[in-house]
Amino acid sequence: MISNRKREDVLPLHVMELPRKVVVGEEILGDMGSILGDLELGKNALLIWGPNVKKIVGDTLLGSLEEKGYEVNWEIAGPSTFQEVERISQVTLKVGASFLVGIGGGRSIDIAKLASFNSKLPFVSVPTSASHDGISSPFASVKGLDRPYSVVAKPPIAIVADVSIISKAPLPLLVSGCGDLVSKLTAVRDWELSHERTGEYFGGYSANLALLSADLVVNNASAISDKSQDAVRVVVEALISAGVAAGIAGSSRPCSGSEHLFSHAMDITAPGKGMHGEKCGMGSIIMAKLHGLDYMQIKDALSLMGAPTKSSDIGATEEEIIKALVLAKNIRKERYTILNEKQLTSETAKNLAKEVGVI
Ligand SMILES: [Zn+2]
């Protein structure tokens, strides 16, 4: 039918890329071989992990995969750089891997995700902490690229999240994941705004899925600070669905708005201070105020979880926050957000950050 019509007359293509299998449970890494069995990934696995993670889950994972007849090679993930992705891509080729598995908090997963994308091979995500939505999204960030924000790769073909391992990770990592989730409240508002102003595609389903993930952590804020197994599960599942929302949207839009631009700007003005999700949560308080949303609701939820809400909580200075707020709109110029409408100067940025109590 479409062949009789001009391309301009039909709806633009919208491609959704989603994981095929998501497994969340307790002490499931010993079943890894069986979990992957029906995915037809081939029998040659390359595992990417850090030295600590290898110590904790190495024997269990290797044993489980070898028992099911997989040939398993592994590499210790180096620094999160473009060069390291290249190195792992070379190793992938050398060992003839048929799929990659990234096991860890962020670095190993990002490196495995990008190396598998380069090698056109499937990738399995095994998060050992719940600190950001990269555990399930098609996006990854490493240093050495031409931009300070995430790049598009492919979503994991499978996500295997062992809550008993993730709940042993330090609380600040979990709380940082919650900051990344809360930030969807402003990210979605920015996306809607862009749709209104620029006509950019807006997907109601993925937007609502991202908002649902944010609401889940806002409503479970006090249980999260107790780090109960149930609360950890809520956060893990919310992070997975936020990443899936990005896959459905076909862009990071439902997960990343002006508050993420602020977080990326902080990476430049205050390098090494605060985790990604912590900075996004803080940015979300500020951007909610700019949007005219209930910023106190965001701030109270973050406080209740024990997440940072003030510059001093992450060891940043007032000056670093103000500079990041002014810089944020230049981080990703094609991405329309509230920062395009409220051009912040040093003075207005300072007043804004003071008003919401971030400085
Ligand atoms: Zn994020």
# chains A, B, ... in the order shown; residues from 1 in each chain; ligands from 1

$ residues_around --residues "Phe123 in chain A" --least-positions-apart "5" --cutoff "12 Å" --atoms "only C-alpha atoms" --output "PyMOL selection string"
chain A and resi 19-21+36+39+41-42+45-48+92+97-103+108-118+135-138+153-160

$ write_last_selection --atoms "C-alpha atoms" --output "mmCIF file, in the first residue's frame"
data_model
loop_
_atom_site.group_PDB
_atom_site.id
_atom_site.type_symbol
_atom_site.label_atom_id
_atom_site.label_comp_id
_atom_site.auth_asym_id
_atom_site.auth_seq_id
_atom_site.Cartn_x
_atom_site.Cartn_y
_atom_site.Cartn_z
ATOM 1 C CA PRO A 19 15.136 -6.351 25.690
ATOM 2 C CA ARG A 20 13.822 -9.857 25.013
ATOM 3 C CA LYS A 21 14.176 -11.203 28.528
ATOM 4 C CA LEU A 36 20.336 -17.482 28.596
ATOM 5 C CA LEU A 39 17.958 -16.802 23.614
ATOM 6 C CA LEU A 41 23.129 -16.300 21.666
ATOM 7 C CA GLY A 42 25.680 -18.873 20.522
ATOM 8 C CA ALA A 45 30.549 -15.662 25.967
ATOM 9 C CA LEU A 46 32.840 -12.745 26.754
ATOM 10 C CA LEU A 47 32.306 -11.435 30.292
ATOM 11 C CA ILE A 48 33.314 -7.866 31.185
ATOM 12 C CA THR A 92 35.687 -9.836 21.190
ATOM 13 C CA ALA A 97 32.736 -14.243 21.149
ATOM 14 C CA SER A 98 29.121 -14.724 20.065
ATOM 15 C CA PHE A 99 27.772 -12.420 22.803
ATOM 16 C CA LEU A 100 28.987 -10.103 25.570
ATOM 17 C CA VAL A 101 27.935 -9.864 29.194
ATOM 18 C CA GLY A 102 28.522 -6.658 31.164
ATOM 19 C CA ILE A 103 28.533 -7.266 34.910
ATOM 20 C CA SER A 108 31.508 -2.595 32.740
ATOM 21 C CA ILE A 109 27.946 -2.380 31.425
ATOM 22 C CA ASP A 110 28.663 0.730 29.336
ATOM 23 C CA ILE A 111 31.862 -0.729 27.901
ATOM 24 C CA ALA A 112 30.246 -4.096 27.096
ATOM 25 C CA LYS A 113 27.208 -2.333 25.604
ATOM 26 C CA LEU A 114 29.301 -0.202 23.247
ATOM 27 C CA ALA A 115 31.758 -2.987 22.353
ATOM 28 C CA SER A 116 28.864 -5.322 21.509
ATOM 29 C CA PHE A 117 27.271 -2.562 19.419
ATOM 30 C CA ASN A 118 30.577 -2.099 17.520
ATOM 31 C CA ILE A 135 21.452 -0.990 33.128
ATOM 32 C CA SER A 136 18.580 -1.381 30.649
ATOM 33 C CA SER A 137 18.634 1.561 28.231
ATOM 34 C CA PRO A 138 20.093 1.628 24.710
ATOM 35 C CA ALA A 153 23.882 1.865 21.094
ATOM 36 C CA LYS A 154 21.446 -1.060 21.452
ATOM 37 C CA PRO A 155 19.460 -2.130 24.488
ATOM 38 C CA PRO A 156 20.585 -5.341 26.192
ATOM 39 C CA ILE A 157 18.996 -8.494 24.774
ATOM 40 C CA ALA A 158 18.573 -9.677 28.365
ATOM 41 C CA ILE A 159 18.778 -8.111 31.806
ATOM 42 C CA VAL A 160 19.511 -10.386 34.737
#

$ select_by_dssp --residues "range 156-224 of chain A" --states "helix (DSSP H, G or I)" --output "number ranges by chain"
A: 163-166, 171-182, 184-198, 204-219, 221-224

$ write_last_selection --atoms "C-alpha atoms" --output "short mmCIF file (atom, residue, chain, number, x, y, z; two decimals), in the first residue's frame"
data_model
loop_
_atom_site.label_atom_id
_atom_site.label_comp_id
_atom_site.auth_asym_id
_atom_site.auth_seq_id
_atom_site.Cartn_x
_atom_site.Cartn_y
_atom_site.Cartn_z
CA VAL A 163 18.44 -8.41 44.01
CA SER A 164 20.47 -10.24 46.65
CA ILE A 165 23.69 -8.92 45.07
CA ILE A 166 22.29 -5.43 44.32
CA LEU A 171 23.14 2.72 49.94
CA PRO A 172 24.40 5.88 48.12
CA LEU A 173 24.45 3.90 44.84
CA LEU A 174 20.79 2.90 45.27
CA VAL A 175 19.86 6.44 46.27
CA SER A 176 21.67 7.75 43.20
CA GLY A 177 19.51 5.43 41.08
CA CYS A 178 16.48 7.00 42.72
CA GLY A 179 17.76 10.47 41.79
CA ASP A 180 18.00 9.32 38.16
CA LEU A 181 14.41 8.05 38.42
CA VAL A 182 12.95 11.14 40.11
CA LYS A 184 12.06 11.70 34.82
CA LEU A 185 9.46 14.11 36.25
CA THR A 186 11.26 17.05 34.67
CA ALA A 187 12.64 15.11 31.67
CA VAL A 188 9.11 14.26 30.52
CA ARG A 189 7.97 17.86 31.05
CA ASP A 190 10.87 19.06 28.88
CA TRP A 191 9.91 16.54 26.21
CA GLU A 192 6.29 17.76 26.22
CA LEU A 193 7.50 21.34 26.00
CA SER A 194 9.69 20.52 23.02
CA HIS A 195 6.74 18.80 21.34
CA GLU A 196 4.61 21.92 21.84
CA ARG A 197 7.29 24.34 20.67
CA THR A 198 9.19 22.45 17.98
CA GLY A 204 2.62 9.35 25.46
CA TYR A 205 3.13 5.68 26.28
CA SER A 206 6.87 5.92 26.93
CA ALA A 207 6.43 9.27 28.73
CA ASN A 208 3.91 7.70 31.09
CA LEU A 209 6.11 4.67 31.65
CA ALA A 210 8.98 6.95 32.67
CA LEU A 211 6.67 8.97 34.96
CA LEU A 212 5.40 5.76 36.53
CA SER A 213 9.00 4.79 37.37
CA ALA A 214 9.54 8.18 39.01
CA ASP A 215 6.29 7.94 40.98
CA LEU A 216 7.24 4.49 42.25
CA VAL A 217 10.36 5.79 43.98
CA VAL A 218 8.69 8.98 45.21
CA ASN A 219 5.97 6.86 46.84
CA ALA A 221 10.99 7.04 49.53
CA SER A 222 11.12 6.04 53.20
CA ALA A 223 11.31 2.28 52.50
CA ILE A 224 14.23 2.99 50.16
#

$ residues_near_ligand --ligand "ligand 1" --cutoff "12 Å" --atoms "only C-alpha atoms and all ligand atoms" --output "PyMOL selection string"
chain A and resi 106+130-141+149-150+176-184+186-187+210+239+242-243+246+252-264+275-281+283-284

$ write_last_selection --atoms "N, CA and C atoms" --output "compact mmCIF listing (two decimals), in the first residue's frame"
# COMPACT_ATOMS: atom_id res chain seq x y z
N GLY A 106 28.26 0.44 36.46
CA GLY A 106 28.03 1.28 35.29
C GLY A 106 29.08 1.05 34.22
N ALA A 130 22.19 -0.51 41.58
CA ALA A 130 21.06 0.12 40.88
C ALA A 130 21.24 1.63 40.91
N SER A 131 22.31 2.10 40.26
CA SER A 131 22.62 3.52 40.41
C SER A 131 22.19 4.39 39.23
N HIS A 132 21.76 3.80 38.12
CA HIS A 132 21.28 4.60 36.98
C HIS A 132 20.54 3.71 35.98
N ASP A 133 19.84 4.33 35.02
CA ASP A 133 19.00 3.54 34.13
C ASP A 133 19.77 2.95 32.93
N GLY A 134 21.09 3.17 32.90
CA GLY A 134 21.90 2.58 31.83
C GLY A 134 21.92 1.06 31.89
N ILE A 135 21.47 0.48 33.01
CA ILE A 135 21.45 -0.99 33.13
C ILE A 135 20.49 -1.61 32.11
N SER A 136 19.55 -0.83 31.60
CA SER A 136 18.58 -1.38 30.65
C SER A 136 18.39 -0.53 29.39
N SER A 137 18.92 0.67 29.37
CA SER A 137 18.63 1.56 28.23
C SER A 137 19.55 1.26 27.04
N PRO A 138 19.20 1.81 25.86
CA PRO A 138 20.09 1.63 24.71
C PRO A 138 21.27 2.61 24.72
N PHE A 139 21.42 3.40 25.80
CA PHE A 139 22.42 4.47 25.81
C PHE A 139 23.60 4.16 26.71
N ALA A 140 24.74 4.73 26.35
CA ALA A 140 25.94 4.52 27.16
C ALA A 140 26.78 5.78 27.12
N SER A 141 27.52 6.02 28.19
CA SER A 141 28.42 7.16 28.13
C SER A 141 29.83 6.75 28.52
N TYR A 149 27.56 13.77 26.64
CA TYR A 149 26.35 13.06 27.04
C TYR A 149 26.33 11.67 26.38
N SER A 150 25.29 10.89 26.68
CA SER A 150 25.27 9.49 26.26
C SER A 150 25.13 9.33 24.74
N SER A 176 21.33 7.07 44.44
CA SER A 176 21.67 7.75 43.20
C SER A 176 20.74 7.27 42.07
N GLY A 177 20.46 5.97 42.06
CA GLY A 177 19.51 5.43 41.08
C GLY A 177 18.15 6.08 41.22
N CYS A 178 17.78 6.34 42.47
CA CYS A 178 16.48 7.00 42.72
C CYS A 178 16.49 8.44 42.20
N GLY A 179 17.63 9.11 42.33
CA GLY A 179 17.76 10.47 41.79
C GLY A 179 17.56 10.45 40.28
N ASP A 180 18.15 9.45 39.62
CA ASP A 180 18.00 9.32 38.16
C ASP A 180 16.53 9.09 37.81
N LEU A 181 15.83 8.34 38.68
CA LEU A 181 14.41 8.05 38.42
C LEU A 181 13.52 9.27 38.67
N VAL A 182 13.75 9.94 39.80
CA VAL A 182 12.95 11.14 40.11
C VAL A 182 13.08 12.17 38.99
N SER A 183 14.27 12.19 38.38
CA SER A 183 14.52 13.21 37.35
C SER A 183 13.64 13.03 36.10
N LYS A 184 12.96 11.88 35.97
CA LYS A 184 12.06 11.70 34.82
C LYS A 184 10.89 12.68 34.88
N THR A 186 10.96 15.85 35.46
CA THR A 186 11.26 17.05 34.67
C THR A 186 11.63 16.69 33.23
N ALA A 187 12.25 15.51 33.04
CA ALA A 187 12.64 15.11 31.67
C ALA A 187 11.39 15.03 30.78
N ALA A 210 7.89 6.29 31.94
CA ALA A 210 8.98 6.95 32.67
C ALA A 210 8.43 7.64 33.93
N LEU A 239 14.10 1.22 37.40
CA LEU A 239 15.21 1.59 36.51
C LEU A 239 15.12 0.82 35.19
N ALA A 242 12.38 2.38 33.14
CA ALA A 242 12.78 3.69 32.59
C ALA A 242 13.66 3.47 31.35
N GLY A 243 14.59 2.52 31.44
CA GLY A 243 15.45 2.22 30.29
C GLY A 243 14.63 1.70 29.12
N ALA A 246 12.91 4.44 27.24
CA ALA A 246 13.78 5.07 26.24
C ALA A 246 13.81 4.23 24.96
N SER A 252 16.46 9.10 24.18
CA SER A 252 16.57 9.20 25.64
C SER A 252 15.60 10.23 26.20
N ARG A 253 14.77 10.83 25.36
CA ARG A 253 13.87 11.91 25.77
C ARG A 253 13.06 11.66 27.06
N PRO A 254 12.41 10.49 27.22
CA PRO A 254 11.61 10.33 28.45
C PRO A 254 12.47 10.25 29.71
N CYS A 255 13.77 10.03 29.54
CA CYS A 255 14.65 9.82 30.70
C CYS A 255 15.62 10.96 30.94
N SER A 256 15.73 11.87 30.00
CA SER A 256 16.82 12.84 30.09
C SER A 256 16.40 14.19 29.54
N GLY A 257 16.26 15.17 30.44
CA GLY A 257 15.90 16.53 30.03
C GLY A 257 16.89 17.53 30.57
N SER A 258 16.36 18.72 30.92
CA SER A 258 17.24 19.81 31.38
C SER A 258 18.05 19.42 32.61
N GLU A 259 17.47 18.56 33.49
CA GLU A 259 18.20 18.16 34.70
C GLU A 259 19.41 17.31 34.35
N HIS A 260 19.31 16.53 33.26
CA HIS A 260 20.47 15.76 32.81
C HIS A 260 21.51 16.69 32.18
N LEU A 261 21.04 17.73 31.49
CA LEU A 261 21.99 18.70 30.93
C LEU A 261 22.78 19.36 32.06
N PHE A 262 22.06 19.66 33.16
CA PHE A 262 22.74 20.21 34.35
C PHE A 262 23.77 19.21 34.88
N SER A 263 23.38 17.93 34.97
CA SER A 263 24.30 16.91 35.49
C SER A 263 25.55 16.80 34.59
N HIS A 264 25.33 16.81 33.27
CA HIS A 264 26.49 16.75 32.36
C HIS A 264 27.35 18.01 32.49
N MET A 275 27.55 11.59 42.11
CA MET A 275 27.27 10.57 41.10
C MET A 275 26.21 11.10 40.12
N HIS A 276 26.14 10.44 38.96
CA HIS A 276 25.21 10.86 37.91
C HIS A 276 23.79 11.09 38.46
N GLY A 277 23.23 10.07 39.11
CA GLY A 277 21.86 10.17 39.59
C GLY A 277 21.69 11.23 40.68
N GLU A 278 22.73 11.41 41.50
CA GLU A 278 22.66 12.44 42.55
C GLU A 278 22.53 13.82 41.92
N LYS A 279 23.34 14.06 40.87
CA LYS A 279 23.31 15.37 40.21
C LYS A 279 22.00 15.57 39.43
N CYS A 280 21.48 14.48 38.86
CA CYS A 280 20.21 14.58 38.13
C CYS A 280 19.07 14.91 39.10
N GLY A 281 19.08 14.27 40.27
CA GLY A 281 18.04 14.52 41.26
C GLY A 281 18.06 15.98 41.69
N GLY A 283 19.39 18.45 40.03
CA GLY A 283 19.00 19.26 38.86
C GLY A 283 17.49 19.27 38.68
N SER A 284 16.87 18.16 39.04
CA SER A 284 15.43 18.05 38.87
C SER A 284 14.69 19.01 39.81

$ select_by_dssp --residues "range 66-281 of chain A" --states "strand (DSSP E or B)" --output "ChimeraX atom specification"
/A:71-76,81,99-104,123-127,139-140,143,151-152,158-162

$ write_last_selection --atoms "C-alpha atoms" --output "CSV table (one decimal), in the first residue's frame"
chain,number,residue,atom,x,y,z
A,71,GLU,CA,32.9,-21.4,26.3
A,72,VAL,CA,33.6,-18.4,28.6
A,73,ASN,CA,36.3,-15.7,28.3
A,74,TRP,CA,36.5,-12.7,30.5
A,75,GLU,CA,38.2,-9.3,30.7
A,76,ILE,CA,38.6,-6.8,33.5
A,81,THR,CA,36.9,5.5,27.7
A,99,PHE,CA,27.8,-12.4,22.8
A,100,LEU,CA,29.0,-10.1,25.6
A,101,VAL,CA,27.9,-9.9,29.2
A,102,GLY,CA,28.5,-6.7,31.2
A,103,ILE,CA,28.5,-7.3,34.9
A,104,GLY,CA,28.8,-4.3,37.3
A,123,PHE,CA,24.7,-8.0,24.9
A,124,VAL,CA,23.5,-9.1,28.3
A,125,SER,CA,23.3,-6.7,31.3
A,126,VAL,CA,24.0,-8.0,34.8
A,127,PRO,CA,23.7,-5.0,37.1
A,139,PHE,CA,22.4,4.5,25.8
A,140,ALA,CA,25.9,4.5,27.2
A,143,LYS,CA,34.9,9.5,27.9
A,151,VAL,CA,25.5,7.9,22.8
A,152,VAL,CA,23.0,5.5,21.3
A,158,ALA,CA,18.6,-9.7,28.4
A,159,ILE,CA,18.8,-8.1,31.8
A,160,VAL,CA,19.5,-10.4,34.7
A,161,ALA,CA,19.2,-8.5,38.0
A,162,ASP,CA,20.0,-10.3,41.2

$ atom_distance --atom1 "CA of His14 in chain A" --atom2 "CA of Gly247 in chain A"
10.8 Å

$ atom_distance --atom1 "CA of Ala324 in chain A" --atom2 "CA of Thr345 in chain A"
10.8 Å

$ atom_distance --atom1 "CA of Ser346 in chain A" --atom2 "CA of Thr309 in chain A"
20.1 Å

$ closest_residue --among "A:Leu325, A:Leu62, A:Val235, A:Leu13" --to "Glu347 in chain A" --atoms "only C-alpha atoms"
A:Leu325

$ closest_residue --among "A:Val234, A:Leu65, A:Val10, A:Val57" --to "Asp31 in chain A" --atoms "only C-alpha atoms"
A:Leu65

$ closest_residue --among "A:Lys273, A:Ser80, A:Gly250, A:Ala245" --to "Tyr201 in chain A" --atoms "only C-alpha atoms"
A:Gly250

$ residues_around --residues "Lys342 in chain A" --least-positions-apart "3" --cutoff "10 Å" --atoms "only C-alpha atoms" --output "list in words"
Leu290, His291, Lys329, Thr337, Ile338, Leu339, Thr345, Thr348 and Ala349 of chain A

$ write_last_selection --atoms "N, CA and C atoms" --output "short mmCIF file (atom, residue, chain, number, x, y, z; two decimals), in the first residue's frame"
data_model
loop_
_atom_site.label_atom_id
_atom_site.label_comp_id
_atom_site.auth_asym_id
_atom_site.auth_seq_id
_atom_site.Cartn_x
_atom_site.Cartn_y
_atom_site.Cartn_z
N LEU A 290 11.74 25.86 37.59
CA LEU A 290 11.67 26.61 36.32
C LEU A 290 10.39 26.27 35.54
N HIS A 291 9.99 25.00 35.62
CA HIS A 291 8.79 24.54 34.91
C HIS A 291 7.50 24.94 35.63
N LYS A 329 22.53 24.75 29.00
CA LYS A 329 21.79 24.89 27.73
C LYS A 329 22.70 24.69 26.51
N THR A 337 14.66 22.34 25.75
CA THR A 337 14.19 22.16 27.14
C THR A 337 13.77 23.52 27.69
N ILE A 338 13.36 23.52 28.93
CA ILE A 338 12.97 24.75 29.61
C ILE A 338 14.13 25.76 29.62
N LEU A 339 15.36 25.26 29.50
CA LEU A 339 16.52 26.16 29.51
C LEU A 339 16.58 27.03 28.26
N THR A 345 21.36 33.58 33.50
CA THR A 345 22.64 34.27 33.64
C THR A 345 23.21 33.85 35.00
N THR A 348 20.72 35.16 37.64
CA THR A 348 19.41 34.48 37.77
C THR A 348 19.61 33.02 38.21
N ALA A 349 20.71 32.40 37.75
CA ALA A 349 20.99 31.02 38.17
C ALA A 349 21.22 30.97 39.68
#

$ decode --residues "range 221-293 of chain A" --atoms "C-alpha atoms" --output "JSON list (two decimals), in the first residue's frame"
[["chain", "number", "residue", "atom", "x", "y", "z"],
["A", 221, "ALA", "CA", 10.99, 7.04, 49.53],
["A", 222, "SER", "CA", 11.12, 6.04, 53.20],
["A", 223, "ALA", "CA", 11.31, 2.28, 52.50],
["A", 224, "ILE", "CA", 14.23, 2.99, 50.16],
["A", 225, "SER", "CA", 16.25, 4.64, 52.93],
["A", 226, "ASP", "CA", 15.82, 1.40, 54.95],
["A", 227, "LYS", "CA", 17.21, -0.52, 51.96],
["A", 228, "SER", "CA", 14.73, -3.34, 52.40],
["A", 229, "GLN", "CA", 14.86, -6.14, 49.83],
["A", 230, "ASP", "CA", 11.41, -5.08, 48.57],
["A", 231, "ALA", "CA", 12.50, -1.47, 48.15],
["A", 232, "VAL", "CA", 15.62, -2.54, 46.26],
["A", 233, "ARG", "CA", 13.41, -4.56, 43.95],
["A", 234, "VAL", "CA", 11.14, -1.54, 43.35],
["A", 235, "VAL", "CA", 14.14, 0.59, 42.37],
["A", 236, "VAL", "CA", 15.63, -2.10, 40.12],
["A", 237, "GLU", "CA", 12.34, -2.66, 38.33],
["A", 238, "ALA", "CA", 11.74, 1.09, 38.01],
["A", 239, "LEU", "CA", 15.21, 1.59, 36.51],
["A", 240, "ILE", "CA", 14.61, -1.25, 34.07],
["A", 241, "SER", "CA", 11.28, 0.20, 32.95],
["A", 242, "ALA", "CA", 12.78, 3.69, 32.59],
["A", 243, "GLY", "CA", 15.45, 2.22, 30.29],
["A", 244, "VAL", "CA", 12.75, 0.34, 28.39],
["A", 245, "ALA", "CA", 10.78, 3.62, 28.08],
["A", 246, "ALA", "CA", 13.78, 5.07, 26.24],
["A", 247, "GLY", "CA", 13.80, 2.02, 23.96],
["A", 248, "ILE", "CA", 10.10, 2.55, 23.20],
["A", 249, "ALA", "CA", 10.59, 6.27, 22.60],
["A", 250, "GLY", "CA", 13.54, 5.57, 20.33],
["A", 251, "SER", "CA", 15.43, 8.32, 22.14],
["A", 252, "SER", "CA", 16.57, 9.20, 25.64],
["A", 253, "ARG", "CA", 13.87, 11.91, 25.77],
["A", 254, "PRO", "CA", 11.61, 10.33, 28.45],
["A", 255, "CYS", "CA", 14.65, 9.82, 30.70],
["A", 256, "SER", "CA", 16.82, 12.84, 30.09],
["A", 257, "GLY", "CA", 15.90, 16.53, 30.03],
["A", 258, "SER", "CA", 17.24, 19.81, 31.38],
["A", 259, "GLU", "CA", 18.20, 18.16, 34.70],
["A", 260, "HIS", "CA", 20.47, 15.76, 32.81],
["A", 261, "LEU", "CA", 21.99, 18.70, 30.93],
["A", 262, "PHE", "CA", 22.74, 20.21, 34.35],
["A", 263, "SER", "CA", 24.30, 16.91, 35.49],
["A", 264, "HIS", "CA", 26.49, 16.75, 32.36],
["A", 265, "ALA", "CA", 27.46, 20.41, 32.89],
["A", 266, "MET", "CA", 28.44, 19.54, 36.48],
["A", 267, "ASP", "CA", 30.73, 16.83, 35.07],
["A", 268, "ILE", "CA", 32.60, 19.74, 33.47],
["A", 269, "THR", "CA", 32.39, 22.42, 36.20],
["A", 270, "ALA", "CA", 32.86, 20.06, 39.16],
["A", 271, "PRO", "CA", 34.48, 16.89, 37.81],
["A", 272, "GLY", "CA", 34.38, 13.91, 40.15],
["A", 273, "LYS", "CA", 31.87, 15.48, 42.54],
["A", 274, "GLY", "CA", 28.62, 13.57, 42.99],
["A", 275, "MET", "CA", 27.27, 10.57, 41.10],
["A", 276, "HIS", "CA", 25.21, 10.86, 37.91],
["A", 277, "GLY", "CA", 21.86, 10.17, 39.59],
["A", 278, "GLU", "CA", 22.66, 12.44, 42.55],
["A", 279, "LYS", "CA", 23.31, 15.37, 40.21],
["A", 280, "CYS", "CA", 20.21, 14.58, 38.13],
["A", 281, "GLY", "CA", 18.04, 14.52, 41.26],
["A", 282, "MET", "CA", 19.41, 17.87, 42.37],
["A", 283, "GLY", "CA", 19.00, 19.26, 38.86],
["A", 284, "SER", "CA", 15.43, 18.05, 38.87],
["A", 285, "ILE", "CA", 14.62, 20.17, 41.95],
["A", 286, "ILE", "CA", 15.92, 23.25, 40.11],
["A", 287, "MET", "CA", 14.28, 22.49, 36.74],
["A", 288, "ALA", "CA", 10.94, 21.67, 38.41],
["A", 289, "LYS", "CA", 10.96, 25.20, 39.80],
["A", 290, "LEU", "CA", 11.67, 26.61, 36.32],
["A", 291, "HIS", "CA", 8.79, 24.54, 34.91],
["A", 292, "GLY", "CA", 6.43, 25.73, 37.64],
["A", 293, "LEU", "CA", 6.10, 22.15, 38.96]]
